[in-house]
$ cat target.cif   # mmCIF, C-alpha atoms and all ligand atoms
data_data
#
loop_
_atom_site.group_PDB
_atom_site.id
_atom_site.type_symbol
_atom_site.label_atom_id
_atom_site.label_comp_id
_atom_site.auth_asym_id
_atom_site.auth_seq_id
_atom_site.Cartn_x
_atom_site.Cartn_y
_atom_site.Cartn_z
ATOM 1 C CA MET A 1 5.955 -14.477 9.789
ATOM 2 C CA ILE A 2 7.246 -11.613 11.906
ATOM 3 C CA ASN A 3 10.654 -12.088 13.504
ATOM 4 C CA SER A 4 10.516 -12.044 17.312
ATOM 5 C CA SER A 5 13.867 -10.232 17.647
ATOM 6 C CA VAL A 6 12.366 -7.049 16.222
ATOM 7 C CA LYS A 7 13.460 -3.881 18.008
ATOM 8 C CA PHE A 8 13.386 -1.067 15.474
ATOM 9 C CA LEU A 9 9.854 -0.416 14.287
ATOM 10 C CA THR A 10 8.950 2.261 11.744
ATOM 11 C CA ILE A 11 5.560 3.545 10.628
ATOM 12 C CA GLU A 12 5.077 4.878 7.135
ATOM 13 C CA GLY A 13 2.343 6.141 4.869
ATOM 14 C CA MET A 14 1.183 9.178 3.028
ATOM 15 C CA GLU A 15 -0.181 12.386 4.509
ATOM 16 C CA GLY A 16 -3.394 11.725 6.417
ATOM 17 C CA ALA A 17 -2.825 7.948 6.451
ATOM 18 C CA GLY A 18 -3.114 8.135 10.229
ATOM 19 C CA LYS A 19 0.505 7.719 11.353
ATOM 20 C CA SER A 20 0.235 10.156 14.280
ATOM 21 C CA THR A 21 -3.153 8.761 15.339
ATOM 22 C CA ASN A 22 -1.974 5.141 15.190
ATOM 23 C CA LEU A 23 1.418 5.877 16.726
ATOM 24 C CA ASN A 24 -0.456 6.813 19.909
ATOM 25 C CA TYR A 25 -2.118 3.402 19.802
ATOM 26 C CA VAL A 26 1.290 1.706 19.465
ATOM 27 C CA ILE A 27 2.679 3.759 22.355
ATOM 28 C CA ASP A 28 -0.267 2.761 24.602
ATOM 29 C CA PHE A 29 0.289 -0.865 23.636
ATOM 30 C CA PHE A 30 3.950 -0.759 24.699
ATOM 31 C CA GLN A 31 3.202 1.221 27.875
ATOM 32 C CA GLN A 32 0.490 -1.193 29.004
ATOM 33 C CA ARG A 33 2.950 -4.071 28.709
ATOM 34 C CA GLY A 34 5.764 -2.197 30.456
ATOM 35 C CA ILE A 35 8.082 -2.560 27.459
ATOM 36 C CA PRO A 36 10.789 0.123 27.400
ATOM 37 C CA PHE A 37 10.771 2.119 24.182
ATOM 38 C CA THR A 38 11.716 5.416 22.603
ATOM 39 C CA ALA A 39 9.142 6.996 20.291
ATOM 40 C CA THR A 40 10.541 9.443 17.801
ATOM 41 C CA ARG A 41 10.006 10.834 14.309
ATOM 42 C CA GLU A 42 11.652 11.850 11.061
ATOM 43 C CA PRO A 43 12.568 14.288 9.843
ATOM 44 C CA GLY A 44 13.322 15.366 13.397
ATOM 45 C CA GLY A 45 13.783 13.638 16.723
ATOM 46 C CA THR A 46 16.628 15.833 18.058
ATOM 47 C CA GLU A 47 16.971 19.595 18.528
ATOM 48 C CA ILE A 48 19.101 20.004 15.400
ATOM 49 C CA SER A 49 17.115 17.513 13.316
ATOM 50 C CA GLU A 50 13.885 19.336 14.230
ATOM 51 C CA LYS A 51 15.463 22.565 12.899
ATOM 52 C CA ILE A 52 16.209 20.777 9.632
ATOM 53 C CA ARG A 53 12.606 19.535 9.631
ATOM 54 C CA HIS A 54 11.377 23.134 9.716
ATOM 55 C CA LEU A 55 13.658 23.981 6.818
ATOM 56 C CA LEU A 56 12.213 21.053 4.853
ATOM 57 C CA LEU A 57 8.537 21.707 5.566
ATOM 58 C CA GLU A 58 8.431 25.518 5.378
ATOM 59 C CA HIS A 59 7.880 27.440 2.183
ATOM 60 C CA HIS A 60 10.818 29.599 1.008
ATOM 61 C CA ASN A 61 11.285 32.384 -1.503
ATOM 62 C CA GLU A 62 13.545 30.140 -3.565
ATOM 63 C CA SER A 63 12.811 26.551 -4.477
ATOM 64 C CA LEU A 64 14.750 23.822 -2.676
ATOM 65 C CA ALA A 65 16.666 21.679 -5.167
ATOM 66 C CA PRO A 66 15.603 18.000 -4.843
ATOM 67 C CA LEU A 67 19.217 16.965 -4.256
ATOM 68 C CA ALA A 68 19.586 19.559 -1.473
ATOM 69 C CA GLU A 69 16.335 18.258 0.030
ATOM 70 C CA LEU A 70 17.726 14.720 -0.038
ATOM 71 C CA MET A 71 20.979 15.782 1.631
ATOM 72 C CA LEU A 72 19.117 17.709 4.345
ATOM 73 C CA ILE A 73 16.991 14.654 5.097
ATOM 74 C CA PHE A 74 20.080 12.502 5.503
ATOM 75 C CA ALA A 75 21.830 15.196 7.583
ATOM 76 C CA ALA A 76 18.838 15.167 9.955
ATOM 77 C CA ARG A 77 18.884 11.355 9.907
ATOM 78 C CA ALA A 78 22.618 11.122 10.689
ATOM 79 C CA GLN A 79 22.096 13.318 13.748
ATOM 80 C CA HIS A 80 18.975 11.388 14.788
ATOM 81 C CA ILE A 81 20.710 8.020 14.473
ATOM 82 C CA SER A 82 23.723 9.221 16.422
ATOM 83 C CA LYS A 83 21.828 10.957 19.244
ATOM 84 C CA VAL A 84 18.628 8.940 19.614
ATOM 85 C CA ILE A 85 18.225 5.737 17.615
ATOM 86 C CA ARG A 86 21.529 3.941 18.203
ATOM 87 C CA PRO A 87 21.783 4.921 21.906
ATOM 88 C CA ALA A 88 18.226 3.646 22.528
ATOM 89 C CA LEU A 89 18.838 0.356 20.706
ATOM 90 C CA GLU A 90 22.164 -0.084 22.494
ATOM 91 C CA ALA A 91 20.369 0.477 25.817
ATOM 92 C CA GLY A 92 18.024 -2.398 24.909
ATOM 93 C CA GLN A 93 15.002 -0.216 24.194
ATOM 94 C CA TRP A 94 12.652 -0.528 21.298
ATOM 95 C CA VAL A 95 12.662 2.374 18.875
ATOM 96 C CA ILE A 96 9.307 3.316 17.360
ATOM 97 C CA CYS A 97 9.854 5.850 14.613
ATOM 98 C CA ASP A 98 7.252 7.858 12.664
ATOM 99 C CA ARG A 99 8.823 7.606 9.166
ATOM 100 C CA PHE A 100 12.393 6.630 8.243
ATOM 101 C CA THR A 101 14.312 5.868 5.040
ATOM 102 C CA ASP A 102 11.384 4.191 3.274
ATOM 103 C CA ALA A 103 9.907 7.707 3.148
ATOM 104 C CA THR A 104 13.068 8.931 1.414
ATOM 105 C CA TYR A 105 12.814 6.206 -1.235
ATOM 106 C CA ALA A 106 9.145 7.098 -1.706
ATOM 107 C CA TYR A 107 9.230 10.930 -1.571
ATOM 108 C CA GLN A 108 12.705 11.839 -2.869
ATOM 109 C CA GLY A 109 13.494 8.727 -4.910
ATOM 110 C CA GLU A 110 10.126 8.507 -6.672
ATOM 111 C CA GLY A 111 8.058 11.591 -5.731
ATOM 112 C CA ARG A 112 10.900 13.970 -6.644
ATOM 113 C CA GLN A 113 12.166 11.465 -9.223
ATOM 114 C CA LEU A 114 15.761 11.467 -7.976
ATOM 115 C CA GLY A 115 15.871 7.686 -8.338
ATOM 116 C CA GLY A 116 16.583 5.000 -5.781
ATOM 117 C CA GLU A 117 20.350 4.813 -6.440
ATOM 118 C CA LYS A 118 21.133 8.172 -4.818
ATOM 119 C CA VAL A 119 18.985 7.283 -1.812
ATOM 120 C CA GLU A 120 20.700 3.914 -1.516
ATOM 121 C CA LEU A 121 24.152 5.501 -1.658
ATOM 122 C CA LEU A 122 23.357 7.855 1.217
ATOM 123 C CA GLU A 123 21.517 5.147 3.124
ATOM 124 C CA ARG A 124 24.668 2.981 3.134
ATOM 125 C CA PHE A 125 26.899 5.923 4.028
ATOM 126 C CA VAL A 126 24.718 7.251 6.870
ATOM 127 C CA GLN A 127 23.103 4.118 8.283
ATOM 128 C CA GLN A 128 25.756 1.461 7.631
ATOM 129 C CA ASP A 129 24.083 -1.713 8.909
ATOM 130 C CA LEU A 130 21.111 -0.002 10.561
ATOM 131 C CA GLN A 131 17.728 -0.992 9.092
ATOM 132 C CA PRO A 132 14.263 -1.137 10.601
ATOM 133 C CA ASP A 133 13.315 -4.667 11.626
ATOM 134 C CA LEU A 134 9.682 -4.069 10.768
ATOM 135 C CA THR A 135 7.946 -1.292 8.841
ATOM 136 C CA ILE A 136 4.201 -0.847 9.095
ATOM 137 C CA ILE A 137 2.800 0.939 6.046
ATOM 138 C CA LEU A 138 -0.567 2.623 6.497
ATOM 139 C CA ASP A 139 -1.858 2.569 2.965
ATOM 140 C CA VAL A 140 -4.472 4.994 1.628
ATOM 141 C CA PRO A 141 -5.403 5.976 -1.929
ATOM 142 C CA VAL A 142 -4.152 9.404 -3.006
ATOM 143 C CA ALA A 143 -7.635 10.977 -3.065
ATOM 144 C CA LEU A 144 -8.395 9.859 0.506
ATOM 145 C CA SER A 145 -5.019 11.114 1.713
ATOM 146 C CA ALA A 146 -5.792 14.545 0.212
ATOM 147 C CA ALA A 147 -9.321 14.540 1.678
ATOM 148 C CA ARG A 148 -8.027 13.765 5.179
ATOM 149 C CA VAL A 149 -5.399 16.504 4.950
ATOM 150 C CA GLU A 150 -8.070 18.956 3.852
ATOM 151 C CA GLN A 151 -10.411 17.847 6.628
ATOM 152 C CA ARG A 152 -7.624 18.288 9.198
ATOM 153 C CA GLY A 153 -7.318 21.937 8.089
ATOM 154 C CA GLY A 154 -4.364 24.310 8.620
ATOM 155 C CA GLU A 155 -1.730 25.522 6.196
ATOM 156 C CA LEU A 156 -0.273 23.034 3.735
ATOM 157 C CA ASP A 157 3.466 22.401 4.063
ATOM 158 C CA ARG A 158 6.022 22.155 1.235
ATOM 159 C CA PHE A 159 5.153 18.484 0.569
ATOM 160 C CA GLU A 160 1.408 18.712 1.036
ATOM 161 C CA VAL A 161 1.088 21.213 -1.842
ATOM 162 C CA GLU A 162 2.334 18.573 -4.309
ATOM 163 C CA GLY A 163 -0.138 17.196 -6.854
ATOM 164 C CA SER A 164 -1.739 13.778 -7.208
ATOM 165 C CA ASP A 165 0.938 12.497 -9.663
ATOM 166 C CA PHE A 166 3.612 13.083 -7.033
ATOM 167 C CA PHE A 167 1.612 11.236 -4.371
ATOM 168 C CA GLN A 168 0.727 8.400 -6.722
ATOM 169 C CA ARG A 169 4.464 7.838 -7.273
ATOM 170 C CA VAL A 170 4.974 7.926 -3.482
ATOM 171 C CA ARG A 171 2.238 5.346 -2.894
ATOM 172 C CA ASP A 172 3.492 3.103 -5.717
ATOM 173 C CA ALA A 173 6.997 3.241 -4.227
ATOM 174 C CA TYR A 174 5.744 2.055 -0.824
ATOM 175 C CA HIS A 175 3.891 -0.826 -2.509
ATOM 176 C CA GLN A 176 6.949 -1.719 -4.549
ATOM 177 C CA ARG A 177 9.221 -1.805 -1.506
ATOM 178 C CA ALA A 178 6.720 -3.889 0.474
ATOM 179 C CA SER A 179 6.409 -6.399 -2.365
ATOM 180 C CA GLU A 180 10.192 -6.705 -2.737
ATOM 181 C CA ALA A 181 10.777 -7.615 0.938
ATOM 182 C CA PRO A 182 7.449 -8.857 2.368
ATOM 183 C CA GLU A 183 9.132 -10.173 5.531
ATOM 184 C CA ARG A 184 10.122 -6.629 6.539
ATOM 185 C CA TYR A 185 6.788 -4.909 5.879
ATOM 186 C CA ALA A 186 3.224 -5.087 7.131
ATOM 187 C CA LEU A 187 0.776 -3.241 4.903
ATOM 188 C CA ILE A 188 -2.468 -2.082 6.517
ATOM 189 C CA ASP A 189 -5.419 -0.768 4.539
ATOM 190 C CA ALA A 190 -5.771 2.572 6.356
ATOM 191 C CA SER A 191 -8.862 3.570 4.394
ATOM 192 C CA GLN A 192 -10.802 1.366 6.848
ATOM 193 C CA SER A 193 -12.293 2.832 10.022
ATOM 194 C CA LEU A 194 -9.839 3.727 12.758
ATOM 195 C CA ALA A 195 -11.210 0.822 14.864
ATOM 196 C CA GLN A 196 -10.461 -1.652 12.053
ATOM 197 C CA VAL A 197 -6.965 -0.213 11.546
ATOM 198 C CA ASN A 198 -6.336 -0.514 15.306
ATOM 199 C CA THR A 199 -7.424 -4.171 15.256
ATOM 200 C CA GLU A 200 -4.955 -4.979 12.456
ATOM 201 C CA LEU A 201 -2.268 -3.051 14.279
ATOM 202 C CA GLN A 202 -2.976 -4.947 17.483
ATOM 203 C CA ASN A 203 -2.645 -8.305 15.659
ATOM 204 C CA ILE A 204 0.719 -7.258 14.245
ATOM 205 C CA LEU A 205 1.986 -6.021 17.615
ATOM 206 C CA GLU A 206 0.833 -9.158 19.408
ATOM 207 C CA GLN A 207 2.657 -11.354 16.876
ATOM 208 C CA LEU A 208 5.705 -9.159 17.290
ATOM 209 C CA LEU A 209 5.818 -9.467 21.073
ATOM 210 C CA ASP A 210 4.784 -13.108 21.444
HETATM 211 N N1 LIG B 1 9.437 13.269 4.234
HETATM 212 C C1 LIG B 1 9.758 12.635 5.400
HETATM 213 C C2 LIG B 1 10.182 13.092 3.075
HETATM 214 O O1 LIG B 1 9.884 13.682 2.033
HETATM 215 N N2 LIG B 1 11.260 12.251 3.114
HETATM 216 C C3 LIG B 1 11.643 11.595 4.266
HETATM 217 O O2 LIG B 1 12.633 10.854 4.245
HETATM 218 C C4 LIG B 1 10.865 11.803 5.454
HETATM 219 C C5 LIG B 1 11.250 11.108 6.724
HETATM 220 C C6 LIG B 1 6.574 15.302 7.083
HETATM 221 C C7 LIG B 1 6.859 15.292 5.618
HETATM 222 O O3 LIG B 1 8.198 14.915 5.393
HETATM 223 C C8 LIG B 1 8.269 14.173 4.194
HETATM 224 C C9 LIG B 1 6.964 13.454 4.106
HETATM 225 C C10 LIG B 1 5.987 14.375 4.797
HETATM 226 O O4 LIG B 1 5.376 15.160 3.800
HETATM 227 P P1 LIG B 1 5.077 13.882 8.704
HETATM 228 O O5 LIG B 1 5.316 14.713 9.863
HETATM 229 O O6 LIG B 1 5.047 12.429 8.937
HETATM 230 O O7 LIG B 1 6.187 14.067 7.529
HETATM 231 O O8 LIG B 1 3.793 14.497 8.080
HETATM 232 P P2 LIG B 1 2.490 13.958 7.486
HETATM 233 O O9 LIG B 1 2.562 12.675 6.763
HETATM 234 O O10 LIG B 1 2.034 15.149 6.727
HETATM 235 O O11 LIG B 1 1.658 13.679 8.801
HETATM 236 P P3 LIG B 1 0.150 13.904 8.956
HETATM 237 O O12 LIG B 1 -0.035 14.285 10.382
HETATM 238 O O13 LIG B 1 -0.466 14.746 7.908
HETATM 239 O O14 LIG B 1 -0.412 12.501 8.634
HETATM 240 P P4 LIG B 1 -0.669 11.308 9.554
HETATM 241 O O15 LIG B 1 0.117 11.385 10.797
HETATM 242 O O16 LIG B 1 -0.488 10.097 8.706
HETATM 243 O O17 LIG B 1 -2.224 11.441 9.837
HETATM 244 P P5 LIG B 1 -2.985 11.801 11.182
HETATM 245 O O18 LIG B 1 -2.884 10.703 12.143
HETATM 246 O O19 LIG B 1 -2.605 13.167 11.590
HETATM 247 O O20 LIG B 1 -4.458 11.800 10.591
HETATM 248 C C11 LIG B 1 -4.898 12.786 9.683
HETATM 249 C C12 LIG B 1 -6.421 12.953 9.834
HETATM 250 O O21 LIG B 1 -7.078 11.774 9.389
HETATM 251 C C13 LIG B 1 -7.877 11.224 10.428
HETATM 252 C C14 LIG B 1 -7.304 11.807 11.722
HETATM 253 O O22 LIG B 1 -8.285 11.849 12.717
HETATM 254 C C15 LIG B 1 -6.852 13.181 11.274
HETATM 255 O O23 LIG B 1 -7.923 14.074 11.258
HETATM 256 N N3 LIG B 1 -7.763 9.759 10.359
HETATM 257 C C16 LIG B 1 -8.785 8.964 10.043
HETATM 258 N N4 LIG B 1 -10.077 9.210 9.749
HETATM 259 C C17 LIG B 1 -10.862 8.139 9.472
HETATM 260 N N5 LIG B 1 -10.426 6.858 9.449
HETATM 261 C C18 LIG B 1 -9.146 6.560 9.739
HETATM 262 N N6 LIG B 1 -8.716 5.284 9.691
HETATM 263 C C19 LIG B 1 -8.254 7.652 10.051
HETATM 264 N N7 LIG B 1 -6.939 7.723 10.360
HETATM 265 C C20 LIG B 1 -6.650 9.019 10.539
#

$ encode --input "target.cif" --output "structure tokens" --more "lines below"
Ligand code: T5A
Amino acid sequence: MINSSVKFLTIEGMEGAGKSTNLNYVIDFFQQRGIPFTATREPGGTEISEKIRHLLLEHHNESLAPLAELMLIFAARAQHISKVIRPALEAGQWVICDRFTDATYAYQGEGRQLGGEKVELLERFVQQDLQPDLTIILDVPVALSAARVEQRGGELDRFEVEGSDFFQRVRDAYHQRASEAPERYALIDASQSLAQVNTELQNILEQLLD
């Protein structure tokens, strides 16, 4: 059962799961009902955090150490929380965020194999009591994620060039987190047609706002 006091909603999933596509659906849903919200994303969401995002996604002549990657993500997050997320929540708005710390557990904790303890340490330090109230995970198998990224075209970023083992660890981590706290997560099979995904999303949002 979804808690009706939900305010901080995050959307997660692997590359090509359809986060951007479905985020637009969520935004329309809120707009049609006149519910005040802030839609944002991670890494990014502020001028400085977007600069860190570029640093994270671009290719460089030297490799980025996984621990440095983790610290950059939390630096961007600290700025984002301070400038966007907390002010919006304090103003009584919903916050709808494309990725948040679940992505760090999945990509840095498991994908990069840094382990969950380091992520948890920084999560406590940076977020204190702040946690999403509900996280929607758009779940796709690794092969479909790769196929959708390929179909979308364009240059692959620093994460998208990773292999299937990396992404399998990422997907497993999302499943693990969802199974450990089912009340905080809604898992949608995003390998279905977009119309079917939208229907599931609509059911979740209606429950949320009832
Ligand atoms: N990252 C992020 C970390 O490593 N740690 C962290 O803590 C955080 C916060 C950027 C990267 O940062 C990493 C993870 C990421 O690698 P991002 O901007 O969210 O994160 O980037 P991507 O996940 O790469 O976003 P994408 O745009 O690739 O994926 P989306 O948004 O999930 O997919 P979308 O909506 O663009 O759809 C992709 C294609 O699939 C089609 C769409 O039309 C589009 O062509 N599609 C479908 N087709 C058929 N059926 C459906 N149901 C479909 N849904 C979408």

$ residues_near_ligand --input "target.cif" --ligand "ligand LIG 1 (chain B)" --cutoff "8 Å" --atoms "only C-alpha atoms and all ligand atoms" --output "PyMOL selection string"
chain A and resi 12-23+41-43+53+56-57+70+73-74+98-108+138+145+148-149+151-152+157-160+190-197

$ closest_residue --input "target.cif" --among "A:Leu72, A:Ile81, A:Ala65, A:Ala173" --to "Gln131 of chain A" --atoms "only C-alpha atoms"
A:Ile81

$ atom_distance --input "target.cif" --atom1 "atom CA of Leu205 of chain A" --atom2 "atom CA of Leu9 of chain A"
10.2 Å

$ closest_residue --input "target.cif" --among "A:Met71, A:Val140, A:Leu156, A:Val170" --to "Val126 of chain A" --atoms "all atoms listed in the file"
A:Met71

$ atom_distance --input "target.cif" --atom1 "atom CA of Asp129 of chain A" --atom2 "atom CA of Pro36 of chain A"
22.8 Å

$ atom_distance --input "target.cif" --atom1 "atom CA of Tyr25 of chain A" --atom2 "atom CA of Glu180 of chain A"
27.6 Å

$ axis_aligned_box --input "target.cif" --around "segment 31-44 of chain A" --padding-each-side "8 Å" --output "JSON"
{"center_x": 6.9, "center_y": 5.6, "center_z": 20.1, "size_x": 28.8, "size_y": 35.4, "size_z": 36.6}

$ closest_residue --input "target.cif" --among "A:Arg177, A:Arg184, A:Arg33, A:His59" --to "Gly109 of chain A" --atoms "only C-alpha atoms"
A:Arg177

$ closest_residue --input "target.cif" --among "A:Asp139, A:Glu69, A:Glu90, A:Glu150" --to "Val119 of chain A" --atoms "only C-alpha atoms"
A:Glu69

$ closest_residue --input "target.cif" --among "A:Lys51, A:Ala76, A:Trp94, A:Phe167" --to "Gln31 of chain A" --atoms "all atoms listed in the file"
A:Trp94

$ closest_residue --input "target.cif" --among "A:Leu201, A:Ile188, A:Val142, A:Val161" --to "Ile27 of chain A" --atoms "only C-alpha atoms"
A:Leu201
